[in-house]
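Chemist: Quick one: structure below, then a few questions.
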Amino acid sequence: MIDLLKTETARVLDVVDEAPGLKTFVLEPANAMEFSPGQFVLVSKLGVGESVFAISSDPSDTGKIAVSVQALGKNTNALHELDPGESVGLRGPYGNSFPIDEWRGKRVFVIGGGIGLAPLRPVVYSLLARKHEFQSLSLVYGARLPQLLAYKPELERWKEEMEVHLTVDEARDGWDGKVGVVPKVMTELALSPDNGVAVICGPPVMIRFGHIALRDLGFSDEQVYTTLEMKMKCGVGLCGRCNVDHRYICKDGPVFRMDEINHLG
Amino acid sequence: MGRAHDTKQEGWVRMKEVFIGKENLRRLIERWAKDHRVYVPVTFDIMNNEDTPDYELVGDEVPEKLHLAGAALALPAKSFIFYPREVVANYPSSEADADVTAPPTVIVGPRGCDVRGLAKFDKVYWSTAHFTEEYDDPFVIEKRKNTYIVSVDCTAAKETCFCTMVGGEPFAKNGFDVNLSPIDTGFILTVGSEKGETLMAGADDLVADVQQNHTDERERRRNSVKEAIDRQNAEFAVDVAYDKHELEGSADAWAYVTQNCVACGACNRTCPTCTCFLLVDQRAKGGYERSRNWDTCLSIGYARTGGGGNSRPDLPQRLDNRIRCKYEYSRDRYGLVTCTGCGRCIDVCMGRIDMREAVKHIVTEKAKA
């Protein structure tokens, strides 16, 4: 149990430039790490610090853990300097996960904004792996600019397997797809609450207005899931800082159904 | 041990009680010090305040000025089981595991509020014993197991004491290994646990039977301190039971409470139930080390995320979170109101923020709304 606060090392297998300031690190943990979509890990540039990241890789590939890192602070900037072959600290996985089994037979709408697609990417992988169990699968994903859309190769691949709607706030660089914020596109697409489940993650403002759009479309809060981000140090319900009321995001979340948290505004 | 005077009251474990004289207590402490680290409360002259009590490690001799009276010491008992800074991991080398061992230690002097405060640590850090969370913290558990709590009844109240407002009393009812109740001629010594029994093994020559007049005197003393605390807190009384608070107040109400707060975090550090920490990674010999450091939820960086996001950017939100953590969140998560009424946060606050006034203000403003 002492290892909970102790860091295992992982090797950097690959570094993918997703967008300006955003890199995905594919890590090979010293010991295979099984995880469920929605769970998170703590990754450290050794001796510098630790930061919490949603796992963004395919859960069926237990030999690898991918995290997408925006260079925002001391540790994340240090991580951005890493090259394949170097070591990082890794512990986890922690937190709860999306209840994908409960969504069987339903229309599942995955709704992401910007880097908010990271925790949803394992959800999409898992859904596609058992595609026939769901009535339908759709992705609505947007970013401020075309260059900020993450996971572009996957987005192309997913288009062949599910309904994919991409949008940008501002068309540039020859973008000829949808233009407009994600909540607006959701409304235009008239996502159906009938037998539907929506999973939404993105910047706080996008979650807020996305949630409002879903309500207007007729989704009840029991049909909407999200995953919350909060500063974490320990990841296991001890250090205190990720609390919302008496709940800890790291232990009681990060995944919540909207009716569990809607009083938070 | 002499023939024990047994007490059994509701909610108590069966406890043995004996009488011990003042000199014999010193001898008992001397014996403990042979194979334990023993901390005793002693009065010092600190900043021209004579008779300021603090803990001292017993060396070759038991200090002259033992302070087994008055109210709670400034240092909360948590400091002995949860260090202000502690290395919790050395990595990546597996050979240099962080040291979890804790030497056998006797702490003489915690009060009822301290002992009740330790329950929070057990809830958070010791799941297998308390079936709460899933985490067992080896550092806290080892210290908890090897630390003997010798609590002392309060014989006077500080003006900031309010334990009786939050379900407590100025003495420990349980949760101690040995308790000392000062009376004129010495102490009633109560053994409260198996660990306490091991401390008293072989001490029969130092103790005697408890007499009825001893227990009568203890009751008188305890009641008089309780009454003093009740009396001095009458002005802070509210209509809501201490364990039923819902302190979701208006932004204005919390801004009023917070107006003198400078986010120094002294309240967190002296609080017997503040368990939160910061992890710090740094280079160390042979690799890296991670230390666990007491943290304060009043600092702006406490909940700040990468990119500058912050769930509690404003100080009133943070003090709101701290006070509600004590009364509501701990209750809802652990079944424990974690304000023990020790008054330390009031004693140390340079802005003179008073927990009792804060709660009363929020409750009163809520009632008006």
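In the structure tokens, chains take the letters A, B, ... in the order shown, each chain's residues start at 1, and ligands count up from 1 in the order shown.
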Got a sec to pull out which chain A residues are within 9 Å of chain B, counting only C-alpha atoms, and send them as a ChimeraX atom specification?
Modeler: /A:1-9,44,46-51,70-74,76,89,229-234,236-247
Chemist: Print the selection's residues with C-alpha atoms to a file, as a PDB file, in the first residue's frame.
Modeler:
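As a result, part.pdb now contains:
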ATOM      1  CA  MET A   1       0.000   0.000   0.000  1.00  0.00           C
ATOM      2  CA  ILE A   2       2.958   2.254   0.532  1.00  0.00           C
ATOM      3  CA  ASP A   3       3.233   2.418  -3.238  1.00  0.00           C
ATOM      4  CA  LEU A   4       0.181   4.617  -3.460  1.00  0.00           C
ATOM      5  CA  LEU A   5       2.325   7.630  -2.874  1.00  0.00           C
ATOM      6  CA  LYS A   6       5.283   6.130  -4.614  1.00  0.00           C
ATOM      7  CA  THR A   7       5.949   6.538  -8.273  1.00  0.00           C
ATOM      8  CA  GLU A   8       6.747   3.725 -10.684  1.00  0.00           C
ATOM      9  CA  THR A   9       8.705   4.641 -13.729  1.00  0.00           C
ATOM     10  CA  SER A  44       5.723  13.250 -13.200  1.00  0.00           C
ATOM     11  CA  LEU A  46      11.086  12.954 -12.108  1.00  0.00           C
ATOM     12  CA  GLY A  47      11.970  15.322  -9.311  1.00  0.00           C
ATOM     13  CA  VAL A  48       9.948  18.194 -10.736  1.00  0.00           C
ATOM     14  CA  GLY A  49       6.355  17.476  -9.834  1.00  0.00           C
ATOM     15  CA  GLU A  50       3.295  15.435 -10.574  1.00  0.00           C
ATOM     16  CA  SER A  51       0.199  16.296 -12.542  1.00  0.00           C
ATOM     17  CA  GLN A  70      -0.906  20.780 -22.401  1.00  0.00           C
ATOM     18  CA  ALA A  71       2.180  22.771 -21.451  1.00  0.00           C
ATOM     19  CA  LEU A  72       0.760  25.007 -18.762  1.00  0.00           C
ATOM     20  CA  GLY A  73       2.938  24.790 -15.673  1.00  0.00           C
ATOM     21  CA  LYS A  74       6.245  23.650 -14.257  1.00  0.00           C
ATOM     22  CA  THR A  76       3.824  19.977 -17.879  1.00  0.00           C
ATOM     23  CA  GLY A  89       7.033   8.763 -13.056  1.00  0.00           C
ATOM     24  CA  GLU A 229     -11.137  18.093 -13.389  1.00  0.00           C
ATOM     25  CA  MET A 230      -9.726  19.449 -10.166  1.00  0.00           C
ATOM     26  CA  LYS A 231      -6.272  19.949  -8.798  1.00  0.00           C
ATOM     27  CA  MET A 232      -5.078  16.734  -7.188  1.00  0.00           C
ATOM     28  CA  LYS A 233      -1.971  15.777  -5.315  1.00  0.00           C
ATOM     29  CA  CYS A 234      -2.561  12.311  -3.931  1.00  0.00           C
ATOM     30  CA  VAL A 236      -6.597   8.663  -3.453  1.00  0.00           C
ATOM     31  CA  GLY A 237      -8.820  10.805  -1.239  1.00  0.00           C
ATOM     32  CA  LEU A 238      -6.327  12.008   1.345  1.00  0.00           C
ATOM     33  CA  CYS A 239      -4.785  15.330   0.453  1.00  0.00           C
ATOM     34  CA  GLY A 240      -8.073  17.193   0.417  1.00  0.00           C
ATOM     35  CA  ARG A 241      -7.834  19.730  -2.353  1.00  0.00           C
ATOM     36  CA  CYS A 242     -10.125  18.227  -4.961  1.00  0.00           C
ATOM     37  CA  ASN A 243     -13.183  18.329  -2.765  1.00  0.00           C
ATOM     38  CA  VAL A 244     -16.549  19.585  -3.912  1.00  0.00           C
ATOM     39  CA  ASP A 245     -18.658  19.654  -0.776  1.00  0.00           C
ATOM     40  CA  HIS A 246     -18.010  16.399   1.017  1.00  0.00           C
ATOM     41  CA  ARG A 247     -17.049  14.594  -2.160  1.00  0.00           C
TER      42      ARG A 247
END
Chemist: Just want the 10 Å neighbourhood of Leu189 of chain B, counted on only C-alpha atoms, with same-chain residues fewer than 5 positions away dropped. Output as a PyMOL selection string.
Modeler: chain B and resi 16-21+25+150-152+178-182+200+207-208+210
Chemist: Include N, CA, C and O atoms and write out the residues we just selected as a PDB file, in the first residue's frame.
Modeler:
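Ended up saving to again-v3.pdb:
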ATOM      1  N   LYS B  16     -10.178   0.574  33.908  1.00  0.00           N
ATOM      2  CA  LYS B  16      -9.673   0.404  35.266  1.00  0.00           C
ATOM      3  C   LYS B  16      -9.152   1.737  35.755  1.00  0.00           C
ATOM      4  O   LYS B  16      -8.498   2.456  35.020  1.00  0.00           O
ATOM      5  N   GLU B  17      -9.436   2.014  37.034  1.00  0.00           N
ATOM      6  CA  GLU B  17      -8.983   3.275  37.593  1.00  0.00           C
ATOM      7  C   GLU B  17      -8.194   3.036  38.864  1.00  0.00           C
ATOM      8  O   GLU B  17      -8.560   2.193  39.690  1.00  0.00           O
ATOM      9  N   VAL B  18      -7.122   3.807  39.003  1.00  0.00           N
ATOM     10  CA  VAL B  18      -6.317   3.735  40.217  1.00  0.00           C
ATOM     11  C   VAL B  18      -5.940   5.147  40.629  1.00  0.00           C
ATOM     12  O   VAL B  18      -6.061   6.081  39.843  1.00  0.00           O
ATOM     13  N   PHE B  19      -5.475   5.272  41.839  1.00  0.00           N
ATOM     14  CA  PHE B  19      -4.976   6.569  42.299  1.00  0.00           C
ATOM     15  C   PHE B  19      -3.455   6.558  42.196  1.00  0.00           C
ATOM     16  O   PHE B  19      -2.804   5.560  42.468  1.00  0.00           O
ATOM     17  N   ILE B  20      -2.890   7.683  41.777  1.00  0.00           N
ATOM     18  CA  ILE B  20      -1.426   7.799  41.790  1.00  0.00           C
ATOM     19  C   ILE B  20      -1.046   9.170  42.341  1.00  0.00           C
ATOM     20  O   ILE B  20      -1.644  10.194  41.961  1.00  0.00           O
ATOM     21  N   GLY B  21      -0.105   9.187  43.255  1.00  0.00           N
ATOM     22  CA  GLY B  21       0.346  10.449  43.851  1.00  0.00           C
ATOM     23  C   GLY B  21       1.265  11.200  42.887  1.00  0.00           C
ATOM     24  O   GLY B  21       1.761  10.641  41.893  1.00  0.00           O
ATOM     25  N   LEU B  25       3.800   9.614  40.109  1.00  0.00           N
ATOM     26  CA  LEU B  25       3.587   9.822  38.676  1.00  0.00           C
ATOM     27  C   LEU B  25       4.927  10.152  38.003  1.00  0.00           C
ATOM     28  O   LEU B  25       5.230   9.660  36.922  1.00  0.00           O
ATOM     29  N   VAL B 150      -1.468   9.641  26.698  1.00  0.00           N
ATOM     30  CA  VAL B 150      -1.776   9.817  28.121  1.00  0.00           C
ATOM     31  C   VAL B 150      -2.448  11.180  28.258  1.00  0.00           C
ATOM     32  O   VAL B 150      -1.786  12.217  28.351  1.00  0.00           O
ATOM     33  N   SER B 151      -3.762  11.170  28.195  1.00  0.00           N
ATOM     34  CA  SER B 151      -4.496  12.435  28.190  1.00  0.00           C
ATOM     35  C   SER B 151      -4.673  12.964  29.614  1.00  0.00           C
ATOM     36  O   SER B 151      -4.506  12.227  30.589  1.00  0.00           O
ATOM     37  N   VAL B 152      -4.976  14.250  29.679  1.00  0.00           N
ATOM     38  CA  VAL B 152      -5.126  14.914  30.977  1.00  0.00           C
ATOM     39  C   VAL B 152      -6.422  15.710  30.962  1.00  0.00           C
ATOM     40  O   VAL B 152      -6.720  16.395  29.977  1.00  0.00           O
ATOM     41  N   VAL B 178      -4.089   6.037  28.505  1.00  0.00           N
ATOM     42  CA  VAL B 178      -4.161   6.308  29.947  1.00  0.00           C
ATOM     43  C   VAL B 178      -4.695   7.734  30.073  1.00  0.00           C
ATOM     44  O   VAL B 178      -4.361   8.596  29.259  1.00  0.00           O
ATOM     45  N   ASN B 179      -5.550   7.977  31.055  1.00  0.00           N
ATOM     46  CA  ASN B 179      -6.007   9.346  31.302  1.00  0.00           C
ATOM     47  C   ASN B 179      -5.680   9.734  32.738  1.00  0.00           C
ATOM     48  O   ASN B 179      -5.784   8.921  33.659  1.00  0.00           O
ATOM     49  N   LEU B 180      -5.274  10.983  32.886  1.00  0.00           N
ATOM     50  CA  LEU B 180      -4.977  11.494  34.224  1.00  0.00           C
ATOM     51  C   LEU B 180      -5.996  12.566  34.586  1.00  0.00           C
ATOM     52  O   LEU B 180      -6.173  13.535  33.847  1.00  0.00           O
ATOM     53  N   SER B 181      -6.661  12.362  35.700  1.00  0.00           N
ATOM     54  CA  SER B 181      -7.580  13.381  36.205  1.00  0.00           C
ATOM     55  C   SER B 181      -6.955  14.004  37.439  1.00  0.00           C
ATOM     56  O   SER B 181      -6.861  13.353  38.492  1.00  0.00           O
ATOM     57  N   PRO B 182      -6.493  15.262  37.322  1.00  0.00           N
ATOM     58  CA  PRO B 182      -5.844  15.880  38.488  1.00  0.00           C
ATOM     59  C   PRO B 182      -6.834  16.083  39.632  1.00  0.00           C
ATOM     60  O   PRO B 182      -7.956  16.564  39.404  1.00  0.00           O
ATOM     61  N   MET B 200       1.056   0.270  32.140  1.00  0.00           N
ATOM     62  CA  MET B 200       0.898   0.165  33.590  1.00  0.00           C
ATOM     63  C   MET B 200       1.424  -1.162  34.144  1.00  0.00           C
ATOM     64  O   MET B 200       1.385  -1.378  35.358  1.00  0.00           O
ATOM     65  N   VAL B 207       0.775   2.742  42.612  1.00  0.00           N
ATOM     66  CA  VAL B 207      -0.630   3.161  42.590  1.00  0.00           C
ATOM     67  C   VAL B 207      -1.380   2.605  43.798  1.00  0.00           C
ATOM     68  O   VAL B 207      -0.912   1.686  44.473  1.00  0.00           O
ATOM     69  N   ALA B 208      -2.528   3.184  44.023  1.00  0.00           N
ATOM     70  CA  ALA B 208      -3.360   2.726  45.143  1.00  0.00           C
ATOM     71  C   ALA B 208      -4.814   2.695  44.677  1.00  0.00           C
ATOM     72  O   ALA B 208      -5.124   3.130  43.561  1.00  0.00           O
ATOM     73  N   VAL B 210      -8.626   3.707  44.244  1.00  0.00           N
ATOM     74  CA  VAL B 210      -9.331   4.985  44.158  1.00  0.00           C
ATOM     75  C   VAL B 210     -10.388   5.028  45.254  1.00  0.00           C
ATOM     76  O   VAL B 210     -11.102   4.038  45.474  1.00  0.00           O
TER      77      VAL B 210
END
Chemist: Give me the residues within 9 Å of Val197 of chain A as a ChimeraX atom specification, counting only C-alpha atoms and dropping any in the same chain fewer than 2 places off.
Modeler: /A:103,106-110,193-195,199,219,222-225
Chemist: Once DSSP has gone over the backbone, tell me which residues of segment 73-261 of chain A are in strand (DSSP E), as a ChimeraX atom specification.
Modeler: /A:87-94,107-113,136-143,163-168,178-179,196-201,224-227,243-244,247-248,255-257
Chemist: Can you tell me how far atom CA of Ile149 of chain B sits from atom CA of Val115 of chain B, in Å to one decimal?
Modeler: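 Between these atoms lies a distance of 8.0 Å.
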Chemist: Residues near Arg218 of chain B, anyone? I mean within 9 Å using only C-alpha atoms, not counting same-chain ones fewer than 2 positions away, as a list of chain:residue names.
Modeler: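 What passes the distance filter is B:Ser181, B:Pro182, B:Ile183, B:Ile188, B:Asn213, B:His214, B:Thr215, B:Asp216, B:Arg220, B:Arg221, B:Arg222, B:Asn223.
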Chemist: For Ala266 of chain B, which residue out of B:Glu86, B:Asp252, B:Glu159, B:Asp347 is the nearest one, using only C-alpha atoms?
Modeler: B:Asp347
Chemist: Atom CA of Lys78 of chain B to atom CA of Leu118 of chain B: how many Å, to one decimal?
Modeler: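 Computed distance, atom CA of Lys78 of chain B to atom CA of Leu118 of chain B, equals 6.5 Å.
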Chemist: Pick out the closest residue to Val238 of chain B from this set: B:Thr364, B:Ser250, B:Thr105, B:Thr164. Count only C-alpha atoms.
Modeler: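 Closest to Val238 of chain B of all the choices is B:Thr364.
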Chemist: Using only C-alpha atoms, find the one residue out of A:Phe209, A:Tyr248, A:Leu27, A:Ala198 that sits nearest to Val181 of chain A.
Modeler: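 Closest to Val181 of chain A, using only C-alpha atoms: A:Phe209.
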Chemist: Got a sec: who's within 12 Å of Leu137 of chain A, counting only C-alpha atoms, leaving out chain neighbours fewer than 6 positions off, as a CSV table (one decimal) with N, CA, C and O atoms, in the first residue's frame?
Modeler:
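Writing the result to around-v4.csv gives the following:
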chain,number,residue,atom,x,y,z
A,103,TRP,N,-25.1,1.5,-20.7
A,103,TRP,CA,-25.5,2.2,-21.9
A,103,TRP,C,-25.9,1.2,-23.1
A,103,TRP,O,-26.2,1.6,-24.2
A,104,ARG,N,-25.8,-0.1,-22.8
A,104,ARG,CA,-26.1,-1.1,-23.8
A,104,ARG,C,-27.5,-0.9,-24.4
A,104,ARG,O,-28.4,-0.6,-23.6
A,105,GLY,N,-27.7,-1.0,-25.7
A,105,GLY,CA,-29.0,-0.8,-26.3
A,105,GLY,C,-29.4,0.6,-26.5
A,105,GLY,O,-30.5,0.9,-27.1
A,106,LYS,N,-28.5,1.6,-26.1
A,106,LYS,CA,-28.9,3.0,-26.2
A,106,LYS,C,-28.2,3.7,-27.4
A,106,LYS,O,-27.2,3.2,-27.9
A,107,ARG,N,-28.7,4.8,-27.7
A,107,ARG,CA,-28.0,5.8,-28.6
A,107,ARG,C,-27.0,6.5,-27.7
A,107,ARG,O,-27.4,7.2,-26.8
A,108,VAL,N,-25.7,6.4,-28.0
A,108,VAL,CA,-24.7,7.1,-27.2
A,108,VAL,C,-24.1,8.3,-28.0
A,108,VAL,O,-23.6,8.1,-29.1
A,109,PHE,N,-24.2,9.4,-27.4
A,109,PHE,CA,-23.6,10.6,-28.0
A,109,PHE,C,-22.4,11.0,-27.2
A,109,PHE,O,-22.5,11.3,-26.0
A,110,VAL,N,-21.2,11.0,-27.8
A,110,VAL,CA,-20.0,11.5,-27.1
A,110,VAL,C,-19.7,12.9,-27.6
A,110,VAL,O,-19.7,13.2,-28.8
A,111,ILE,N,-19.6,13.8,-26.6
A,111,ILE,CA,-19.5,15.2,-27.0
A,111,ILE,C,-18.3,15.8,-26.4
A,111,ILE,O,-18.2,15.8,-25.1
A,123,VAL,N,-13.4,6.0,-24.1
A,123,VAL,CA,-14.8,5.7,-24.2
A,123,VAL,C,-15.1,5.3,-25.6
A,123,VAL,O,-15.8,4.3,-25.9
A,124,VAL,N,-14.7,6.1,-26.6
A,124,VAL,CA,-15.0,5.8,-28.0
A,124,VAL,C,-14.3,4.5,-28.4
A,124,VAL,O,-15.0,3.6,-29.0
A,125,TYR,N,-13.1,4.2,-28.0
A,125,TYR,CA,-12.5,2.9,-28.3
A,125,TYR,C,-13.3,1.8,-27.7
A,125,TYR,O,-13.5,0.8,-28.4
A,126,SER,N,-13.7,1.9,-26.5
A,126,SER,CA,-14.5,0.8,-25.9
A,126,SER,C,-15.8,0.7,-26.5
A,126,SER,O,-16.3,-0.5,-26.7
A,127,LEU,N,-16.5,1.8,-26.9
A,127,LEU,CA,-17.8,1.7,-27.5
A,127,LEU,C,-17.6,1.0,-28.9
A,127,LEU,O,-18.4,0.1,-29.3
A,128,LEU,N,-16.6,1.4,-29.6
A,128,LEU,CA,-16.4,0.8,-31.0
A,128,LEU,C,-16.1,-0.7,-30.9
A,128,LEU,O,-16.4,-1.4,-31.8
A,129,ALA,N,-15.4,-1.1,-29.8
A,129,ALA,CA,-15.0,-2.5,-29.7
A,129,ALA,C,-16.2,-3.4,-29.6
A,129,ALA,O,-16.1,-4.6,-29.8
A,130,ARG,N,-17.3,-2.8,-29.1
A,130,ARG,CA,-18.6,-3.6,-28.9
A,130,ARG,C,-19.8,-2.9,-29.5
A,130,ARG,O,-20.8,-2.8,-29.0
A,131,LYS,N,-19.5,-2.3,-30.7
A,131,LYS,CA,-20.4,-1.4,-31.4
A,131,LYS,C,-21.8,-2.0,-31.6
A,131,LYS,O,-22.8,-1.3,-31.4
A,158,TRP,N,-12.5,7.0,-37.2
A,158,TRP,CA,-13.8,6.8,-36.5
A,158,TRP,C,-14.9,7.2,-37.5
A,158,TRP,O,-16.0,6.6,-37.4
A,159,LYS,N,-14.6,8.1,-38.4
A,159,LYS,CA,-15.7,8.5,-39.4
A,159,LYS,C,-16.2,7.3,-40.2
A,159,LYS,O,-17.4,7.3,-40.6
A,160,GLU,N,-15.4,6.3,-40.3
A,160,GLU,CA,-15.8,5.1,-41.0
A,160,GLU,C,-16.6,4.2,-40.2
A,160,GLU,O,-17.3,3.2,-40.7
A,161,GLU,N,-16.6,4.4,-38.9
A,161,GLU,CA,-17.2,3.4,-38.0
A,161,GLU,C,-18.4,4.0,-37.2
A,161,GLU,O,-19.2,3.2,-36.6
A,162,MET,N,-18.5,5.3,-37.1
A,162,MET,CA,-19.6,5.9,-36.4
A,162,MET,C,-19.9,7.3,-37.0
A,162,MET,O,-19.2,7.8,-37.8
A,163,GLU,N,-21.0,7.9,-36.5
A,163,GLU,CA,-21.3,9.2,-37.0
A,163,GLU,C,-20.4,10.2,-36.3
A,163,GLU,O,-20.3,10.2,-35.1
A,164,VAL,N,-19.6,11.0,-37.1
A,164,VAL,CA,-18.7,12.0,-36.5
A,164,VAL,C,-19.0,13.3,-37.0
A,164,VAL,O,-19.1,13.5,-38.2
A,165,HIS,N,-19.3,14.3,-36.1
A,165,HIS,CA,-19.5,15.7,-36.5
A,165,HIS,C,-18.4,16.5,-35.9
A,165,HIS,O,-18.3,16.6,-34.7
A,191,LEU,N,-30.0,16.2,-31.4
A,191,LEU,CA,-29.7,14.9,-30.8
A,191,LEU,C,-30.9,14.5,-30.0
A,191,LEU,O,-31.5,15.2,-29.3
A,196,GLY,N,-31.5,7.9,-25.3
A,196,GLY,CA,-30.2,8.4,-25.5
A,196,GLY,C,-29.4,8.6,-24.2
A,196,GLY,O,-30.0,8.7,-23.2
A,197,VAL,N,-28.1,8.6,-24.4
A,197,VAL,CA,-27.2,8.9,-23.3
A,197,VAL,C,-26.1,9.8,-23.9
A,197,VAL,O,-25.6,9.6,-25.0
A,198,ALA,N,-25.8,10.9,-23.2
A,198,ALA,CA,-24.8,11.8,-23.6
A,198,ALA,C,-23.6,11.9,-22.7
A,198,ALA,O,-23.8,11.8,-21.4
A,199,VAL,N,-22.4,11.9,-23.2
A,199,VAL,CA,-21.2,12.0,-22.4
A,199,VAL,C,-20.5,13.2,-22.9
A,199,VAL,O,-20.1,13.3,-24.0
Chemist: If I take atom CA of Pro99 of chain A and atom CA of Asp221 of chain A, how far is one from the other in Å, to one decimal?
Modeler: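 Separation of atom CA of Pro99 of chain A and atom CA of Asp221 of chain A: 15.1 Å.
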Chemist: Applying 10 Å and only C-alpha atoms, which residues near Cys339 of chain B remain after dropping the ones on its own chain fewer than 6 positions away? List them as a list in words.
Modeler: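 Non-adjacent residues within range: Cys113, Arg116, Gly117, Phe162, Cys163, Met165, Val166, Gly167, Gly168, Tyr242, Asp243, Cys271, Pro272, Thr273, Cys274, Ile323, Arg324, Cys325, Lys326, Tyr327, Glu328, Ser330 and Met355 of chain B.
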Chemist: What does the file look like for those residues with C-alpha atoms, as a PDB file, in the first residue's frame?
Modeler:
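Heads up, here's the output in part.pdb:
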ATOM      1  CA  CYS B 113     -10.263  17.889  22.156  1.00  0.00           C
ATOM      2  CA  ARG B 116     -11.296  13.434  19.656  1.00  0.00           C
ATOM      3  CA  GLY B 117      -9.288  15.041  16.863  1.00  0.00           C
ATOM      4  CA  PHE B 162     -15.851  25.697  23.326  1.00  0.00           C
ATOM      5  CA  CYS B 163     -15.699  21.899  23.329  1.00  0.00           C
ATOM      6  CA  MET B 165     -20.685  23.408  22.099  1.00  0.00           C
ATOM      7  CA  VAL B 166     -19.602  20.702  19.669  1.00  0.00           C
ATOM      8  CA  GLY B 167     -20.447  17.546  21.558  1.00  0.00           C
ATOM      9  CA  GLY B 168     -17.272  17.368  23.584  1.00  0.00           C
ATOM     10  CA  TYR B 242     -23.779  21.323  16.276  1.00  0.00           C
ATOM     11  CA  ASP B 243     -24.069  18.238  14.092  1.00  0.00           C
ATOM     12  CA  CYS B 271      -6.290  22.443  14.070  1.00  0.00           C
ATOM     13  CA  PRO B 272      -6.338  18.969  15.633  1.00  0.00           C
ATOM     14  CA  THR B 273      -8.341  17.639  12.679  1.00  0.00           C
ATOM     15  CA  CYS B 274      -6.789  19.248   9.597  1.00  0.00           C
ATOM     16  CA  ILE B 323     -15.456  25.949   8.182  1.00  0.00           C
ATOM     17  CA  ARG B 324     -18.003  23.825   6.357  1.00  0.00           C
ATOM     18  CA  CYS B 325     -15.432  21.040   6.095  1.00  0.00           C
ATOM     19  CA  LYS B 326     -15.361  20.932   9.902  1.00  0.00           C
ATOM     20  CA  TYR B 327     -19.103  20.999  10.457  1.00  0.00           C
ATOM     21  CA  GLU B 328     -20.623  19.505   7.301  1.00  0.00           C
ATOM     22  CA  SER B 330     -16.478  15.629   7.449  1.00  0.00           C
ATOM     23  CA  MET B 355     -15.101  30.134  14.706  1.00  0.00           C
TER      24      MET B 355
END
Chemist: Looking only at the backbone, which of the residues in segment 248-302 of chain B does DSSP tag as alpha helix (DSSP H), as an MDAnalysis selection string?
Modeler: chainID B and resid 251:258 266:270
Chemist: Could you name the residues that touch Arg344 of chain B at 8 Å or less, counting only C-alpha atoms, but leaving out those on the same chain fewer than 5 positions away, as an NGL selection string?
Modeler: :B and (74 or 160 or 267 or 270-271)
Chemist: Write the residues you've just listed into a file as a PDB file, in the first residue's frame, and include C-alpha atoms for each of them.
Modeler:
ATOM      1  CA  ALA B  74      -0.952  25.148  21.595  1.00  0.00           C
ATOM      2  CA  THR B 160     -11.534  30.400  23.427  1.00  0.00           C
ATOM      3  CA  CYS B 267      -5.783  27.803  11.783  1.00  0.00           C
ATOM      4  CA  THR B 270      -3.041  24.249  14.817  1.00  0.00           C
ATOM      5  CA  CYS B 271      -6.290  22.443  14.070  1.00  0.00           C
TER       6      CYS B 271
END
Chemist: Under the rule that only C-alpha atoms are counted, which of A:Gly218, A:Gly114, A:Pro93, A:Pro122 is the nearest residue to Lys152 of chain A?
Modeler: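 Nearest to Lys152 of chain A: A:Gly114.
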